[in-house]
>>> print(open('entry39.txt').read())   # compact mmCIF, C-alpha atoms
# COMPACT_ATOMS: atom_id res chain seq x y z
CA MET L 45 -198.71 1.70 9.39
CA LYS L 46 -199.97 3.81 12.30
CA ARG L 47 -198.54 1.33 14.77
CA LEU L 48 -195.17 1.48 12.99
CA ALA L 49 -195.18 5.28 13.03
CA MET L 50 -196.05 5.32 16.73
CA LEU L 51 -193.31 2.80 17.51
CA THR L 52 -190.77 4.90 15.57
CA ALA L 53 -191.84 8.02 17.48
CA LEU L 54 -191.54 6.23 20.83
CA VAL L 55 -188.05 4.97 20.00
CA ALA L 56 -186.96 8.46 18.94
CA PHE L 57 -188.45 10.00 22.10
CA SER L 58 -186.78 7.36 24.27
CA ALA L 59 -183.39 7.99 22.63
CA THR L 60 -183.76 11.71 23.26
CA THR L 61 -184.87 11.50 26.87
CA GLN L 62 -182.35 8.83 27.74
CA ALA L 63 -179.31 10.59 26.28
CA ALA L 64 -176.28 9.52 28.25
CA PRO L 65 -174.87 12.01 30.76
CA GLU L 66 -171.53 13.46 29.70
CA THR L 67 -168.38 13.09 31.80
CA TYR L 68 -165.92 15.98 32.12
CA VAL L 69 -162.50 15.56 33.74
CA ILE L 70 -161.19 18.40 35.92
CA ASP L 71 -158.23 20.17 34.29
CA ASN L 72 -155.84 20.93 37.16
CA SER L 73 -153.91 23.46 35.06
CA GLN L 74 -157.04 25.62 34.78
CA THR L 75 -158.66 24.90 38.13
CA SER L 76 -157.95 26.68 41.40
CA SER L 77 -158.78 25.81 45.00
CA GLN L 78 -158.53 28.42 47.73
CA PHE L 79 -159.31 28.68 51.44
CA SER L 80 -159.79 31.94 53.32
CA PHE L 81 -159.86 32.79 57.04
CA ASN L 82 -159.51 35.75 59.33
CA TYR L 83 -156.08 36.16 60.91
CA LEU L 84 -155.83 37.75 64.39
CA GLY L 85 -159.15 39.47 63.77
CA ILE L 86 -157.46 42.13 61.65
CA SER L 87 -157.09 40.74 58.13
CA ASN L 88 -158.39 38.04 55.83
CA GLN L 89 -155.86 35.57 54.48
CA THR L 90 -156.29 33.47 51.33
CA HIS L 91 -154.13 30.48 50.43
CA THR L 92 -154.31 27.79 47.79
CA PHE L 93 -154.03 24.10 47.05
CA ASP L 94 -152.05 23.50 43.88
CA LYS L 95 -153.39 20.05 42.92
CA VAL L 96 -157.07 19.37 42.21
CA SER L 97 -158.53 16.39 40.36
CA GLY L 98 -161.92 14.78 39.82
CA LYS L 99 -164.82 14.81 37.43
CA VAL L 100 -168.17 16.43 36.66
CA VAL L 101 -171.02 14.43 35.15
CA PHE L 102 -173.49 16.65 33.30
CA ASP L 103 -176.84 15.64 31.84
CA PRO L 104 -177.83 18.27 29.24
CA VAL L 105 -181.35 16.88 28.91
CA SER L 106 -182.42 17.01 32.56
CA LYS L 107 -180.01 19.87 33.30
CA THR L 108 -178.58 18.14 36.33
CA ALA L 109 -175.01 17.40 37.32
CA SER L 110 -172.90 15.69 39.94
CA ALA L 111 -169.25 16.06 40.86
CA GLU L 112 -166.36 14.37 42.60
CA VAL L 113 -163.49 16.63 43.63
CA ASN L 114 -160.20 15.53 45.16
CA ILE L 115 -157.83 18.12 46.62
CA ASP L 116 -154.28 17.09 47.43
CA ALA L 117 -153.90 18.52 50.95
CA SER L 118 -150.10 18.24 50.76
CA SER L 119 -150.16 20.73 47.88
CA VAL L 120 -151.17 23.54 50.26
CA ASN L 121 -149.39 26.71 49.22
CA THR L 122 -149.17 29.77 51.48
CA GLY L 123 -146.06 31.16 49.83
CA HIS L 124 -144.01 30.21 52.91
CA ASN L 125 -142.46 26.75 53.32
CA VAL L 126 -142.52 26.92 57.12
CA LEU L 127 -146.26 27.62 57.19
CA ASN L 128 -146.90 25.00 54.51
CA ASN L 129 -145.20 22.41 56.72
CA GLN L 130 -147.14 23.53 59.81
CA LEU L 131 -150.46 23.16 58.00
CA GLN L 132 -149.58 19.58 57.13
CA THR L 133 -149.02 18.54 60.75
CA ALA L 134 -151.48 16.61 62.93
CA ALA L 135 -152.87 19.87 64.37
CA PHE L 136 -154.22 20.84 60.97
CA PHE L 137 -154.59 18.75 57.79
CA ASP L 138 -152.42 15.84 59.03
CA THR L 139 -151.46 14.97 55.47
CA ALA L 140 -149.38 11.97 56.56
CA ASN L 141 -152.61 10.19 57.51
CA TYR L 142 -155.19 12.12 55.46
CA PRO L 143 -153.59 13.18 52.18
CA SER L 144 -156.81 14.19 50.46
CA ILE L 145 -159.74 16.55 50.91
CA THR L 146 -162.74 15.26 48.99
CA PHE L 147 -166.19 16.45 47.99
CA LYS L 148 -168.75 14.08 46.53
CA SER L 149 -172.05 15.53 45.45
CA LYS L 150 -175.42 13.88 45.29
CA GLN L 151 -176.84 16.10 42.59
CA MET L 152 -176.85 19.65 41.29
CA THR L 153 -179.91 21.10 39.59
CA LEU L 154 -179.12 23.87 37.15
CA ASP L 155 -182.64 25.29 36.82
CA GLY L 156 -183.65 28.27 38.92
CA GLU L 157 -182.02 31.50 39.96
CA GLN L 158 -179.88 30.01 42.72
CA THR L 159 -177.83 26.96 41.82
CA SER L 160 -176.32 24.81 44.53
CA MET L 161 -174.78 21.38 44.97
CA SER L 162 -175.22 19.23 48.06
CA GLY L 163 -172.93 16.44 49.09
CA GLU L 164 -170.30 15.25 51.56
CA LEU L 165 -167.13 17.14 52.33
CA THR L 166 -164.37 15.04 53.90
CA ILE L 167 -161.42 16.66 55.64
CA LYS L 168 -159.01 14.84 57.92
CA GLY L 169 -161.15 11.70 57.75
CA VAL L 170 -164.32 13.48 58.93
CA SER L 171 -167.28 13.68 56.54
CA LYS L 172 -169.97 16.34 56.84
CA PRO L 173 -172.96 17.22 54.65
CA VAL L 174 -172.50 20.60 53.01
CA THR L 175 -174.14 22.68 50.31
CA LEU L 176 -171.93 24.57 47.88
CA ALA L 177 -173.21 27.75 46.27
CA ILE L 178 -172.62 27.45 42.50
CA SER L 179 -172.23 30.38 40.14
CA ASP L 180 -171.30 30.85 36.48
CA PHE L 181 -171.95 27.24 35.49
CA GLN L 182 -171.70 26.87 31.73
CA CYS L 183 -170.51 24.45 29.08
CA ALA L 184 -169.00 25.58 25.79
CA GLN L 185 -166.30 24.94 23.23
CA ASP L 186 -162.98 26.30 24.48
CA PRO L 187 -161.81 28.68 21.72
CA THR L 188 -158.14 28.30 22.65
CA PHE L 189 -157.78 24.53 23.02
CA LYS L 190 -160.75 23.59 20.76
CA VAL L 191 -162.21 21.18 23.33
CA ALA L 192 -165.64 20.84 24.93
CA SER L 193 -165.46 22.26 28.47
CA CYS L 194 -167.61 23.06 31.48
CA GLY L 195 -166.78 25.58 34.17
CA ALA L 196 -168.20 26.80 37.47
CA ASN L 197 -167.36 28.57 40.70
CA ALA L 198 -168.28 26.90 43.99
CA THR L 199 -168.14 28.30 47.53
CA VAL L 200 -168.90 26.98 51.00
CA THR L 201 -168.11 28.16 54.55
CA VAL L 202 -167.37 25.54 57.21
CA LYS L 203 -166.04 25.40 60.75
CA ARG L 204 -162.64 23.78 60.98
CA SER L 205 -163.48 22.54 64.48
CA ASP L 206 -166.06 20.25 62.82
CA PHE L 207 -163.17 18.48 61.11
CA ASN L 208 -160.85 18.07 64.12
CA MET L 209 -158.90 21.17 63.18
CA GLY L 210 -160.06 23.54 65.89
CA LYS L 211 -156.74 24.52 67.45
CA PHE L 212 -155.24 28.01 67.59
CA THR L 213 -158.48 29.96 67.08
CA PHE L 214 -156.77 32.93 68.75
CA LEU L 215 -154.66 33.12 65.59
CA ALA L 216 -157.01 32.01 62.82
CA SER L 217 -160.81 32.10 62.72
CA ASN L 218 -162.77 28.90 63.18
CA GLU L 219 -164.78 29.67 60.06
CA ILE L 220 -163.05 28.83 56.80
CA THR L 221 -164.37 29.66 53.33
CA LEU L 222 -163.48 27.19 50.58
CA ASN L 223 -163.56 28.36 46.97
CA LEU L 224 -163.27 26.27 43.83
CA ALA L 225 -162.98 27.67 40.32
CA ILE L 226 -163.33 24.55 38.19
CA LYS L 227 -162.73 23.93 34.52
CA ALA L 228 -163.48 20.41 33.33
CA VAL L 229 -162.90 18.99 29.85
CA LYS L 230 -165.17 16.44 28.17
CA MET L 231 -163.64 12.97 28.46
CA PRO L 232 -162.58 12.27 24.82
CA SER L 233 -161.38 15.86 24.46
CA TYR L 234 -159.42 15.62 27.72
CA ILE L 235 -157.50 12.61 26.38
CA GLN L 236 -156.72 14.52 23.19
CA LEU L 237 -155.62 17.57 25.16
CA ALA L 238 -153.37 15.50 27.44
CA SER L 239 -151.81 13.82 24.41
CA ARG L 240 -151.11 17.20 22.85
CA GLU L 241 -149.43 18.48 26.02
CA THR L 242 -147.21 15.41 26.35
CA GLY L 243 -146.38 15.47 22.65
CA LYS L 244 -147.73 11.97 22.08
>>> encode(input="entry39.txt", output="structure tokens")
Amino acid sequence: MKRLAMLTALVAFSATTQAAPETYVIDNSQTSSQFSFNYLGISNQTHTFDKVSGKVVFDPVSKTASAEVNIDASSVNTGHNVLNNQLQTAAFFDTANYPSITFKSKQMTLDGEQTSMSGELTIKGVSKPVTLAISDFQCAQDPTFKVASCGANATVTVKRSDFNMGKFTFLASNEITLNLAIKAVKMPSYIQLASRETGK
């Protein structure tokens, strides 16, 4: 009887500690991607990318997470078509050959006062290790859409010259700050939400 009780306890403990990580799909409609730089040394400019996709994998037991983020570089939006087109040329993002900006993390640990996520940022075909500062990470039931969601803000500053984008520094600073405000929806809930939006 004791052996049976111990075996039952071990199985229960194993099921608890080996709970499967949960996958959340990035909701582009509620996610924003921005990049900021100094223009002519007199003002800071902030522009956006309109299309962001990817996923966040969150383990609630170990309180760790990882992420894959894909930014459509051709969706750059400055509010001016001429500038949008210039930023897509070979001197900058070269979207004809490198349509995506990607970030793939190794792991994020949520414990501690300062949360960060390390991984590889790839721009214009060049990959560099970076560490994103993470703030406001939380998972909860969205009261509006009634779906399980996770959200976070992520920031990193890089040098565009490190990614073969170092031209025209007399106009725009070499240092660029990337900001992501992500909302991701738990996989089954995301499918339900997408079905609702398409009326299926």
>>> closest_residue(input="entry39.txt", among="L:Gln151, L:Asn114, L:Thr133, L:Asn82", to="Leu165 (chain L)", atoms="all atoms listed in the file")
L:Asn114
>>> closest_residue(input="entry39.txt", among="L:Ile145, L:Ala216, L:Ile115, L:Val96", to="Ser73 (chain L)", atoms="all atoms listed in the file")
L:Val96
>>> residues_around(input="entry39.txt", residues="Phe147 (chain L)", least_positions_apart="3", cutoff="7 Å", atoms="only C-alpha atoms", output="list in words")
Glu112, Val113, Asn114, Gly163, Glu164, Leu165 and Thr166 of chain L
>>> residues_near_point(input="entry39.txt", point="(-178.5, 21.2, 45.1)", cutoff="9 Å", atoms="all atoms listed in the file", output="ChimeraX atom specification")
/L:149-154,159-163,175-178
>>> closest_residue(input="entry39.txt", among="L:Ile70, L:Asn121, L:Ala134, L:Thr139", to="Ser97 (chain L)", atoms="only C-alpha atoms")
L:Ile70
>>> closest_residue(input="entry39.txt", among="L:Lys168, L:Lys107, L:Lys99, L:Lys190", to="Lys148 (chain L)", atoms="all atoms listed in the file")
L:Lys99
>>> residues_around(input="entry39.txt", residues="Phe102 (chain L)", least_positions_apart="4", cutoff="12 Å", atoms="all atoms listed in the file", output="ChimeraX atom specification")
/L:63-69,106-112,151-154,181-183,193-195,228-231
>>> build_atoms(input="entry39.txt", residues="region 85-109 of chain L", atoms="N, CA and C atoms", output="tab-separated table (two decimals), in the frame of the given file")
chain	number	residue	atom	x	y	z
L	85	GLY	N	-158.03	38.54	63.74
L	85	GLY	CA	-159.15	39.47	63.77
L	85	GLY	C	-158.90	40.77	63.03
L	86	ILE	N	-157.79	40.85	62.30
L	86	ILE	CA	-157.46	42.13	61.65
L	86	ILE	C	-157.36	42.04	60.13
L	87	SER	N	-157.20	40.83	59.59
L	87	SER	CA	-157.09	40.74	58.13
L	87	SER	C	-157.55	39.36	57.66
L	88	ASN	N	-158.01	39.30	56.43
L	88	ASN	CA	-158.39	38.04	55.83
L	88	ASN	C	-157.24	37.49	55.00
L	89	GLN	N	-156.94	36.22	55.20
L	89	GLN	CA	-155.86	35.57	54.48
L	89	GLN	C	-156.44	34.53	53.52
L	90	THR	N	-155.87	34.45	52.32
L	90	THR	CA	-156.29	33.47	51.33
L	90	THR	C	-155.09	32.68	50.85
L	91	HIS	N	-155.20	31.36	50.90
L	91	HIS	CA	-154.13	30.48	50.43
L	91	HIS	C	-154.71	29.45	49.47
L	92	THR	N	-153.85	28.68	48.85
L	92	THR	CA	-154.31	27.79	47.79
L	92	THR	C	-153.84	26.35	48.00
L	93	PHE	N	-154.51	25.46	47.27
L	93	PHE	CA	-154.03	24.10	47.05
L	93	PHE	C	-153.68	24.02	45.57
L	94	ASP	N	-152.52	23.47	45.27
L	94	ASP	CA	-152.05	23.50	43.88
L	94	ASP	C	-152.52	22.31	43.04
L	95	LYS	N	-153.02	21.25	43.68
L	95	LYS	CA	-153.39	20.05	42.92
L	95	LYS	C	-154.85	19.68	43.20
L	96	VAL	N	-155.64	19.72	42.13
L	96	VAL	CA	-157.07	19.37	42.21
L	96	VAL	C	-157.39	18.40	41.08
L	97	SER	N	-158.11	17.35	41.38
L	97	SER	CA	-158.53	16.39	40.36
L	97	SER	C	-159.99	16.01	40.60
L	98	GLY	N	-160.54	15.22	39.66
L	98	GLY	CA	-161.92	14.78	39.82
L	98	GLY	C	-162.67	14.84	38.52
L	99	LYS	N	-164.00	14.80	38.63
L	99	LYS	CA	-164.82	14.81	37.43
L	99	LYS	C	-166.17	15.46	37.71
L	100	VAL	N	-166.81	15.90	36.63
L	100	VAL	CA	-168.17	16.43	36.66
L	100	VAL	C	-168.98	15.64	35.65
L	101	VAL	N	-170.13	15.14	36.06
L	101	VAL	CA	-171.02	14.43	35.15
L	101	VAL	C	-172.24	15.31	34.91
L	102	PHE	N	-172.45	15.69	33.65
L	102	PHE	CA	-173.49	16.65	33.30
L	102	PHE	C	-174.49	16.01	32.35
L	103	ASP	N	-175.77	16.14	32.69
L	103	ASP	CA	-176.84	15.64	31.84
L	103	ASP	C	-177.52	16.84	31.18
L	104	PRO	N	-177.27	17.09	29.89
L	104	PRO	CA	-177.83	18.27	29.24
L	104	PRO	C	-179.34	18.21	29.05
L	105	VAL	N	-179.91	17.01	29.10
L	105	VAL	CA	-181.35	16.88	28.91
L	105	VAL	C	-182.11	17.28	30.17
L	106	SER	N	-181.74	16.69	31.30
L	106	SER	CA	-182.42	17.01	32.56
L	106	SER	C	-181.84	18.24	33.24
L	107	LYS	N	-180.71	18.72	32.72
L	107	LYS	CA	-180.01	19.87	33.30
L	107	LYS	C	-179.66	19.63	34.77
L	108	THR	N	-179.09	18.47	35.00
L	108	THR	CA	-178.58	18.14	36.33
L	108	THR	C	-177.12	17.74	36.21
L	109	ALA	N	-176.43	17.75	37.34
L	109	ALA	CA	-175.01	17.40	37.32
L	109	ALA	C	-174.61	16.85	38.67
